[in-house]
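Down below is the structure, laid out as structure tokens.
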Amino acid sequence: MAGHGASDTATTTATDPRIGEVLATWWGFDRLRPLQEQAIQAALHGRDSLVVMPTGGGKSLCYQLPPLIDGATDVVVSPLVALMKDQVDALEAIGYPAAALYSGMSQEERLAIRDRLVAGELRLLFTAPERLVNTGLLDLLAGVGVRRFSIDEAHCISQWGHDFRPEYRQMALLRERFPQASLHAFTATATPRVRDDIVAQLQLRSPDVLVGTFDRPNLSYRVVPRTDRITQTLEVLGRHAGEASIVYCISRKETEKLAARLAAEGILARPYHAGLDAKERHKTQEAFAHETIDVVVATVAFGMGIDRSDVRLVLHTSLPKSLEAYQQETGRAGRDGLAAECVLLYSSADVFSWESLVRKSAEESELEPDEIERLVASQTEHLHAMRRYAQAARCRHAALSEYFGQAYGTEPCNACDVCLGETENCADSTVVAQKILSCVARVGERFGVRHVAEVLRGAKTDGIVRHGHDKLSTFGLLAALDQRAVENLTHQLLDQGLLGRTGGDRPVVTLNERSWEVLKGGRPVVLLEPRSGRAKASKADVDDWQGVDRGLFERLRAWRRRVADARGKPAWTIFDDKALRAIAREKPASPAALLRVKGIGEKRLADFGAAILDLVAGKEPAE
Ligand code: ADP
Ligand code: ZN
């Protein structure tokens, strides 16, 4: 790839002292992360850049900080309105002059922003790609003399990515219209091929390519064979009582069913999906942001706009369709850098549903036949990478890093089910496998997973009686297990290619060469015990609570909620959990000590210093 490749060379420019100053006064941070430093230097020197940093890596600071230094007005292009609004809220909390232009604003609001823009009051203007190119906004920006454009979620421009958005292609216009301006592309998930495509599509000029580390050491990953969605969900949520959690489902119906079930158990949970009306969705988002609910049960429609940084659990009850999607969705956990958990309930049945869905939606699109085939091939490839991840009995951190093209050097990671030794093999895997395979043979390779499992369990269903399958020698061989466990074991055999399956609407399980090797005893099998998670604490989780006064932390949280409610802002924009834990650990007793706590700059000290010092001293804060 063209460019400086600054991530692998050691040519960092000497730190500009103004950067540290701005960082401390506005954000209360004591230093930049290494790639942030390089990205900010590129911006300040007008060099194009492509910044690939995992979620939580700190991309936003890279475009937020430069205009404060040189007084410029910069533009950030972002795909979703909710995302922009959240950022503007968070920026306003530190007194940063920023605004967002989006559809659905009143004429008045729009004009007010234009006035501020023309008067040079804004350091950042957020807008959506279609709005940028289709509304005469470019003329206005040319008049103001904008010299830097940042394109967030830049992978949306590539058809090799997992989230291609045709309207992003229009960004190519920026280079033509603003030949003097520098362009800065940001994304969290880009394989090398997608990176090259971003550079080509945006016509970046010898960009500084800054690629961060994909690993998120504070997240612990678990993959648990799915046996019972509801029971397993309750069990995992039980580890995170009172904490922010996101539970992802594939279908809208599932989100509603599961949310209702959780609510019945007394959990503060609500569903979220694109089929709900905008008002309802907004209400749920706000309730989550304001901590009046703990759990959102959602389709993937939920997330892009969710910046709540203290999400402690992301639970997938079905398989995501790509590792990019998984990385992005799990990336919403632990953005404050504190330990968080990511659990995937896996069943290979999901792979089959996705496969037929991928084809169906491609065929329903208006693409040409050869384009349809290409799309199906690309999406199937993404899906199978996801499946391999779920099935592999190897370190999850290593597997994820390697997928994104990075070696992982610290196995065992102490933060995944495999390295923590939680996965357990079925004691007599080979024998169990043989029982299942011979049952498939006995029913003549003409039935699906469910029927085979019912025969093995010894269920007297109508179908079984009608076909005389209750007379088979394999009838009731696995009567000690329940239906889900037997289905799960059968799916594991499918996953490992030890059993075949036909396509179509009513797939039938079949034997293949490898099945026969197992049946003849020439091939040992390893199956995982269908289990629900017995999770151990990760090292990060233990460390993050080290020395924290939990009572004080909870009091600070309650206070934050009140302040946020009074201001009508999401709680995390007032303070994130990391800052609150630092306060509850260090118990600062003076304004100067408070200023030394990470995440507290001058604006926050002025706004909240007195209240926090009261809380630390055990007093009720004066409002
Ligand atoms: P991204 O956009 O890459 O997902 P964010 O910009 O939202 O990440 O940053 C993630 C978190 O890290 C935020 O809570 C942010 O305040 C924090 N953060 C960013 N840069 C720094 C820094 N230099 N020092 C301390 N915290 C930082
Ligand atoms: Zn591991």
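Residues in the structure tokens are named by chain (A, B, ... in the order shown) and by number from 1 within that chain; ligands are numbered from 1 in the order shown.
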Write out as a compact mmCIF listing (two decimals) with all heavy atoms, in the first residue's frame each polymer residue whose atoms come within 8 Å of segment 177-192 of chain A, counting only C-alpha atoms; drop sequence neighbours fewer than 4 positions from it.
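File produced: result-v2.txt:
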```
# COMPACT_ATOMS: atom_id res chain seq x y z
N ALA A 43 -3.03 15.40 10.80
CA ALA A 43 -4.08 16.39 10.58
C ALA A 43 -3.51 17.81 10.65
O ALA A 43 -3.80 18.65 9.81
CB ALA A 43 -5.19 16.20 11.61
N GLY A 46 -1.69 18.71 7.59
CA GLY A 46 -2.43 18.64 6.33
C GLY A 46 -2.10 17.43 5.48
O GLY A 46 -2.25 17.47 4.26
N ARG A 47 -1.64 16.33 6.11
CA ARG A 47 -1.39 15.10 5.35
C ARG A 47 -2.62 14.21 5.45
O ARG A 47 -3.18 14.03 6.53
CB ARG A 47 -0.19 14.34 5.93
CG ARG A 47 1.14 15.03 5.74
CD ARG A 47 2.27 14.04 6.02
NE ARG A 47 2.20 13.44 7.36
CZ ARG A 47 2.82 13.95 8.43
NH1 ARG A 47 3.52 15.08 8.33
NH2 ARG A 47 2.72 13.35 9.59
N ASP A 48 -3.01 13.60 4.31
CA ASP A 48 -4.11 12.64 4.34
C ASP A 48 -3.76 11.49 5.29
O ASP A 48 -2.59 11.18 5.48
CB ASP A 48 -4.32 12.03 2.94
CG ASP A 48 -5.02 13.01 2.01
OD1 ASP A 48 -5.37 14.12 2.47
OD2 ASP A 48 -5.20 12.66 0.83
N SER A 49 -4.80 10.87 5.85
CA SER A 49 -4.51 9.73 6.70
C SER A 49 -5.63 8.71 6.65
O SER A 49 -6.78 9.04 6.34
CB SER A 49 -4.30 10.19 8.15
OG SER A 49 -5.46 10.79 8.66
N LEU A 50 -5.25 7.47 6.92
CA LEU A 50 -6.23 6.40 7.12
C LEU A 50 -5.93 5.82 8.49
O LEU A 50 -4.85 5.31 8.73
CB LEU A 50 -6.08 5.31 6.05
CG LEU A 50 -6.84 4.00 6.33
CD1 LEU A 50 -8.34 4.23 6.42
CD2 LEU A 50 -6.54 2.97 5.24
N VAL A 51 -6.89 5.95 9.39
CA VAL A 51 -6.68 5.51 10.77
C VAL A 51 -7.59 4.31 11.05
O VAL A 51 -8.80 4.42 10.95
CB VAL A 51 -6.99 6.65 11.76
CG1 VAL A 51 -6.76 6.19 13.19
CG2 VAL A 51 -6.14 7.88 11.44
N VAL A 52 -6.98 3.18 11.32
CA VAL A 52 -7.75 1.97 11.62
C VAL A 52 -7.50 1.62 13.07
O VAL A 52 -6.40 1.24 13.46
CB VAL A 52 -7.33 0.79 10.71
CG1 VAL A 52 -8.27 -0.39 10.91
CG2 VAL A 52 -7.29 1.21 9.26
N MET A 53 -8.50 1.81 13.88
CA MET A 53 -8.34 1.61 15.32
C MET A 53 -9.58 0.89 15.82
O MET A 53 -10.68 1.23 15.41
CB MET A 53 -8.33 3.00 15.98
CG MET A 53 -7.11 3.34 16.76
SD MET A 53 -7.48 4.90 17.59
CE MET A 53 -6.17 5.90 16.97
N PRO A 54 -9.41 -0.10 16.69
CA PRO A 54 -10.61 -0.81 17.14
C PRO A 54 -11.53 0.12 17.93
O PRO A 54 -11.10 1.17 18.41
CB PRO A 54 -10.05 -1.91 18.05
CG PRO A 54 -8.71 -1.44 18.45
CD PRO A 54 -8.20 -0.58 17.34
N THR A 55 -12.79 -0.29 18.03
CA THR A 55 -13.75 0.47 18.80
C THR A 55 -13.20 0.71 20.20
O THR A 55 -12.65 -0.21 20.81
CB THR A 55 -15.07 -0.32 18.92
OG1 THR A 55 -15.38 -0.82 17.64
CG2 THR A 55 -16.19 0.56 19.42
N LYS A 59 -10.65 7.01 18.45
CA LYS A 59 -10.61 7.67 17.15
C LYS A 59 -11.13 9.10 17.22
O LYS A 59 -10.58 9.99 16.58
CB LYS A 59 -11.46 6.89 16.13
CG LYS A 59 -10.79 5.64 15.63
CD LYS A 59 -11.63 4.94 14.58
CE LYS A 59 -12.87 4.30 15.17
NZ LYS A 59 -12.59 3.26 16.17
N ALA A 142 -17.00 25.74 1.31
CA ALA A 142 -15.93 26.35 0.51
C ALA A 142 -15.79 27.82 0.91
O ALA A 142 -14.67 28.33 1.06
CB ALA A 142 -16.24 26.22 -0.97
N VAL A 146 -13.09 25.50 4.67
CA VAL A 146 -12.79 24.27 5.40
C VAL A 146 -11.60 23.56 4.76
O VAL A 146 -11.52 23.43 3.54
CB VAL A 146 -14.02 23.33 5.39
CG1 VAL A 146 -13.64 21.94 5.87
CG2 VAL A 146 -15.11 23.92 6.26
N ARG A 147 -10.67 23.10 5.58
CA ARG A 147 -9.48 22.48 5.03
C ARG A 147 -9.24 21.05 5.50
O ARG A 147 -8.27 20.42 5.14
CB ARG A 147 -8.25 23.34 5.34
CG ARG A 147 -8.07 24.47 4.31
CD ARG A 147 -6.83 25.28 4.55
NE ARG A 147 -6.95 26.04 5.80
CZ ARG A 147 -6.22 25.79 6.88
NH1 ARG A 147 -5.32 24.83 6.88
NH2 ARG A 147 -6.39 26.49 7.98
N ARG A 148 -10.13 20.56 6.37
CA ARG A 148 -9.97 19.17 6.81
C ARG A 148 -11.33 18.48 6.85
O ARG A 148 -12.29 19.01 7.42
CB ARG A 148 -9.37 19.10 8.22
CG ARG A 148 -7.86 18.98 8.26
CD ARG A 148 -7.37 18.63 9.66
NE ARG A 148 -7.78 19.60 10.65
CZ ARG A 148 -7.00 20.57 11.14
NH1 ARG A 148 -5.76 20.69 10.73
NH2 ARG A 148 -7.46 21.40 12.04
N PHE A 149 -11.38 17.29 6.24
CA PHE A 149 -12.58 16.46 6.30
C PHE A 149 -12.22 15.12 6.93
O PHE A 149 -11.25 14.49 6.51
CB PHE A 149 -13.15 16.19 4.90
CG PHE A 149 -13.76 17.40 4.25
CD1 PHE A 149 -12.97 18.26 3.51
CD2 PHE A 149 -15.11 17.68 4.40
CE1 PHE A 149 -13.53 19.38 2.90
CE2 PHE A 149 -15.68 18.79 3.81
CZ PHE A 149 -14.88 19.65 3.05
N SER A 150 -12.99 14.71 7.91
CA SER A 150 -12.78 13.38 8.48
C SER A 150 -13.96 12.52 8.11
O SER A 150 -15.11 12.94 8.25
CB SER A 150 -12.65 13.47 10.00
OG SER A 150 -11.46 14.14 10.33
N ILE A 151 -13.69 11.33 7.63
CA ILE A 151 -14.76 10.43 7.23
C ILE A 151 -14.78 9.27 8.21
O ILE A 151 -13.87 8.44 8.24
CB ILE A 151 -14.57 9.92 5.78
CG1 ILE A 151 -14.78 11.10 4.83
CG2 ILE A 151 -15.60 8.85 5.44
CD1 ILE A 151 -13.57 11.68 4.25
N ASP A 152 -15.82 9.25 9.04
CA ASP A 152 -15.94 8.21 10.06
C ASP A 152 -16.60 6.97 9.46
O ASP A 152 -17.33 7.09 8.47
CB ASP A 152 -16.79 8.76 11.22
CG ASP A 152 -16.42 8.09 12.53
OD1 ASP A 152 -15.48 7.27 12.55
OD2 ASP A 152 -17.08 8.38 13.55
N GLU A 153 -16.36 5.81 10.05
CA GLU A 153 -16.92 4.54 9.53
C GLU A 153 -16.59 4.40 8.04
O GLU A 153 -17.44 4.04 7.22
CB GLU A 153 -18.44 4.48 9.72
CG GLU A 153 -18.94 4.85 11.10
CD GLU A 153 -18.65 3.81 12.18
OE1 GLU A 153 -18.25 2.68 11.84
OE2 GLU A 153 -18.80 4.14 13.37
N ALA A 154 -15.33 4.68 7.71
CA ALA A 154 -14.95 4.76 6.30
C ALA A 154 -15.07 3.43 5.56
O ALA A 154 -15.11 3.40 4.33
CB ALA A 154 -13.52 5.30 6.18
N HIS A 155 -15.15 2.31 6.29
CA HIS A 155 -15.29 1.02 5.60
C HIS A 155 -16.60 0.95 4.81
O HIS A 155 -16.73 0.12 3.92
CB HIS A 155 -15.23 -0.13 6.60
CG HIS A 155 -16.30 -0.03 7.66
ND1 HIS A 155 -16.11 0.71 8.81
CD2 HIS A 155 -17.55 -0.50 7.71
CE1 HIS A 155 -17.22 0.66 9.53
NE2 HIS A 155 -18.11 -0.07 8.88
N GLY A 161 -16.19 -4.58 2.22
CA GLY A 161 -16.43 -4.52 3.66
C GLY A 161 -17.72 -5.24 3.99
O GLY A 161 -18.36 -5.82 3.13
N LEU A 173 -16.17 13.00 -4.36
CA LEU A 173 -16.34 14.39 -4.76
C LEU A 173 -15.46 15.35 -3.95
O LEU A 173 -15.06 16.40 -4.44
CB LEU A 173 -17.80 14.76 -4.50
CG LEU A 173 -18.43 15.78 -5.41
CD1 LEU A 173 -18.82 15.08 -6.70
CD2 LEU A 173 -19.69 16.34 -4.72
N ASP A 196 -7.12 -0.90 1.41
CA ASP A 196 -6.67 -0.47 0.09
C ASP A 196 -7.82 0.17 -0.67
O ASP A 196 -7.64 1.17 -1.37
CB ASP A 196 -6.13 -1.66 -0.71
CG ASP A 196 -4.80 -2.15 -0.16
OD1 ASP A 196 -4.18 -1.40 0.64
OD2 ASP A 196 -4.38 -3.27 -0.51
N ILE A 198 -10.44 1.72 0.53
CA ILE A 198 -10.76 3.04 1.08
C ILE A 198 -9.82 4.10 0.48
O ILE A 198 -10.24 5.16 0.03
CB ILE A 198 -10.65 3.05 2.62
CG1 ILE A 198 -11.72 2.14 3.25
CG2 ILE A 198 -10.77 4.46 3.18
CD1 ILE A 198 -11.56 1.95 4.76
N LEU A 204 -7.05 9.12 -1.62
CA LEU A 204 -6.14 9.67 -0.62
C LEU A 204 -4.75 9.80 -1.25
O LEU A 204 -4.34 8.96 -2.04
CB LEU A 204 -6.09 8.77 0.62
CG LEU A 204 -7.41 8.57 1.36
CD1 LEU A 204 -7.20 7.76 2.64
CD2 LEU A 204 -8.06 9.91 1.70
N GLU A 324 -16.35 -9.13 11.33
CA GLU A 324 -16.35 -7.67 11.39
C GLU A 324 -17.52 -7.19 12.23
O GLU A 324 -17.37 -6.33 13.09
CB GLU A 324 -16.46 -7.06 9.98
CG GLU A 324 -15.19 -7.12 9.16
CD GLU A 324 -15.07 -8.42 8.39
OE1 GLU A 324 -15.81 -9.38 8.70
OE2 GLU A 324 -14.22 -8.48 7.48
N GLN A 327 -16.87 -8.06 15.88
CA GLN A 327 -15.88 -7.16 16.48
C GLN A 327 -16.53 -5.80 16.79
O GLN A 327 -16.30 -5.20 17.82
CB GLN A 327 -14.70 -6.99 15.52
CG GLN A 327 -13.69 -5.92 15.92
CD GLN A 327 -12.60 -6.44 16.82
OE1 GLN A 327 -12.60 -7.62 17.18
NE2 GLN A 327 -11.66 -5.60 17.20
N GLN A 328 -17.35 -5.35 15.86
CA GLN A 328 -17.99 -4.05 16.05
C GLN A 328 -19.03 -4.09 17.17
O GLN A 328 -19.08 -3.21 18.01
CB GLN A 328 -18.65 -3.63 14.74
CG GLN A 328 -19.10 -2.19 14.73
CD GLN A 328 -18.92 -1.57 13.35
OE1 GLN A 328 -19.05 -2.25 12.34
NE2 GLN A 328 -18.60 -0.30 13.29
N TYR A 403 -7.43 -12.71 12.46
CA TYR A 403 -8.36 -12.44 11.37
C TYR A 403 -8.14 -11.04 10.80
O TYR A 403 -8.21 -10.81 9.61
CB TYR A 403 -9.81 -12.58 11.84
CG TYR A 403 -10.80 -12.28 10.75
CD1 TYR A 403 -11.04 -13.20 9.74
CD2 TYR A 403 -11.47 -11.06 10.70
CE1 TYR A 403 -11.93 -12.92 8.71
CE2 TYR A 403 -12.36 -10.77 9.68
CZ TYR A 403 -12.59 -11.71 8.69
OH TYR A 403 -13.45 -11.42 7.67
N PHE A 404 -7.84 -10.10 11.68
CA PHE A 404 -7.62 -8.73 11.22
C PHE A 404 -6.15 -8.49 10.86
O PHE A 404 -5.70 -7.34 10.77
CB PHE A 404 -8.11 -7.73 12.26
CG PHE A 404 -9.60 -7.71 12.37
CD1 PHE A 404 -10.24 -8.29 13.46
CD2 PHE A 404 -10.37 -7.18 11.35
CE1 PHE A 404 -11.63 -8.30 13.54
CE2 PHE A 404 -11.76 -7.19 11.41
CZ PHE A 404 -12.39 -7.75 12.51
N GLY A 405 -5.42 -9.57 10.67
CA GLY A 405 -4.07 -9.45 10.14
C GLY A 405 -3.00 -9.13 11.16
O GLY A 405 -1.96 -8.59 10.82
```
*List all protein, DNA and RNA residues that have at least one atom no more than 9 Å from any atom of ligand 1, counting only C-alpha atoms and all ligand atoms, and write them as a ChimeraX atom specification.*
/A:23,27-34,36-37,52-62,87,152,186-188,307-310,331-332,334-337,572,576-578,598-599
*Check every protein, DNA and RNA residue against ligand 2, keep those with an atom at most 9 Å away (counting only C-alpha atoms and all ligand atoms), and present them as a PyMOL selection string.*
chain A and resi 220-221+394-399+410-420
*Point out the residue among A:Ala278, A:Val247, A:Leu35, A:Ala289 with the least atom-to-atom distance to Lys569 of chain A, counting only C-alpha atoms.*
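Among the listed residues, the smallest separation from Lys569 of chain A belongs to A:Ala289.
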*Which neighbours of Val358 of chain A fall inside 10 Å, counting only C-alpha atoms, when residues of the same chain fewer than 6 positions from it are skipped, and could you give them as a VMD selection string?*
chain A and resid 321 352 375 to 377 379 to 380 383
Just write the chosen residues, C-alpha atoms, as a compact mmCIF listing (two decimals), in the first residue's frame.
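Saved result, again_36.txt, follows:
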```txt
# COMPACT_ATOMS: atom_id res chain seq x y z
CA LYS A 321 -22.97 -12.78 10.08
CA PHE A 352 -27.83 -22.63 7.86
CA LEU A 375 -22.28 -10.79 -3.20
CA VAL A 376 -23.38 -14.26 -2.06
CA ALA A 377 -19.81 -15.55 -2.30
CA GLN A 379 -21.10 -12.83 2.39
CA THR A 380 -20.77 -16.60 2.67
CA LEU A 383 -20.16 -16.09 7.53
```
I need the residues in segment 124-217 of chain A that are strand (DSSP E or B) according to DSSP; give them as an mmCIF file with C-alpha atoms, in the first residue's frame.
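What landed in selection_38.cif:
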```
data_model
loop_
_atom_site.group_PDB
_atom_site.id
_atom_site.type_symbol
_atom_site.label_atom_id
_atom_site.label_comp_id
_atom_site.auth_asym_id
_atom_site.auth_seq_id
_atom_site.Cartn_x
_atom_site.Cartn_y
_atom_site.Cartn_z
ATOM 1 C CA LEU A 124 -16.394 20.778 14.324
ATOM 2 C CA LEU A 125 -19.400 20.286 12.099
ATOM 3 C CA PHE A 126 -20.883 16.773 11.824
ATOM 4 C CA THR A 127 -22.971 15.771 8.868
ATOM 5 C CA ARG A 148 -9.975 19.165 6.811
ATOM 6 C CA PHE A 149 -12.585 16.457 6.302
ATOM 7 C CA SER A 150 -12.777 13.384 8.478
ATOM 8 C CA ILE A 151 -14.760 10.425 7.231
ATOM 9 C CA SER A 182 -6.703 16.989 3.604
ATOM 10 C CA LEU A 183 -8.892 13.908 3.998
ATOM 11 C CA HIS A 184 -8.830 11.639 7.015
ATOM 12 C CA ALA A 185 -10.534 8.266 6.968
ATOM 13 C CA PHE A 186 -11.406 6.443 10.192
ATOM 14 C CA THR A 187 -12.652 2.919 10.713
ATOM 15 C CA ASP A 208 -0.272 8.186 6.703
ATOM 16 C CA VAL A 209 -1.684 4.723 7.311
ATOM 17 C CA LEU A 210 -2.066 4.220 11.028
ATOM 18 C CA VAL A 211 -3.241 0.805 12.097
#
```
*For Val548 of chain A, the nearest of the candidates A:Arg457, A:Arg581, A:Arg281, A:Arg523, counting only C-alpha atoms*: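 The closest residue to Val548 of chain A is A:Arg581.
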*Hey, which of A:Ile293, A:Ile230, A:Val224, A:Val343 ends up closest to Ala392 of chain A? Count only C-alpha atoms.*
A:Val224
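Nearest residue to Ala606 of chain A, choosing from A:Val351, A:Val455, A:Leu68, A:Ile94 and counting only C-alpha atoms: A:Ile94.
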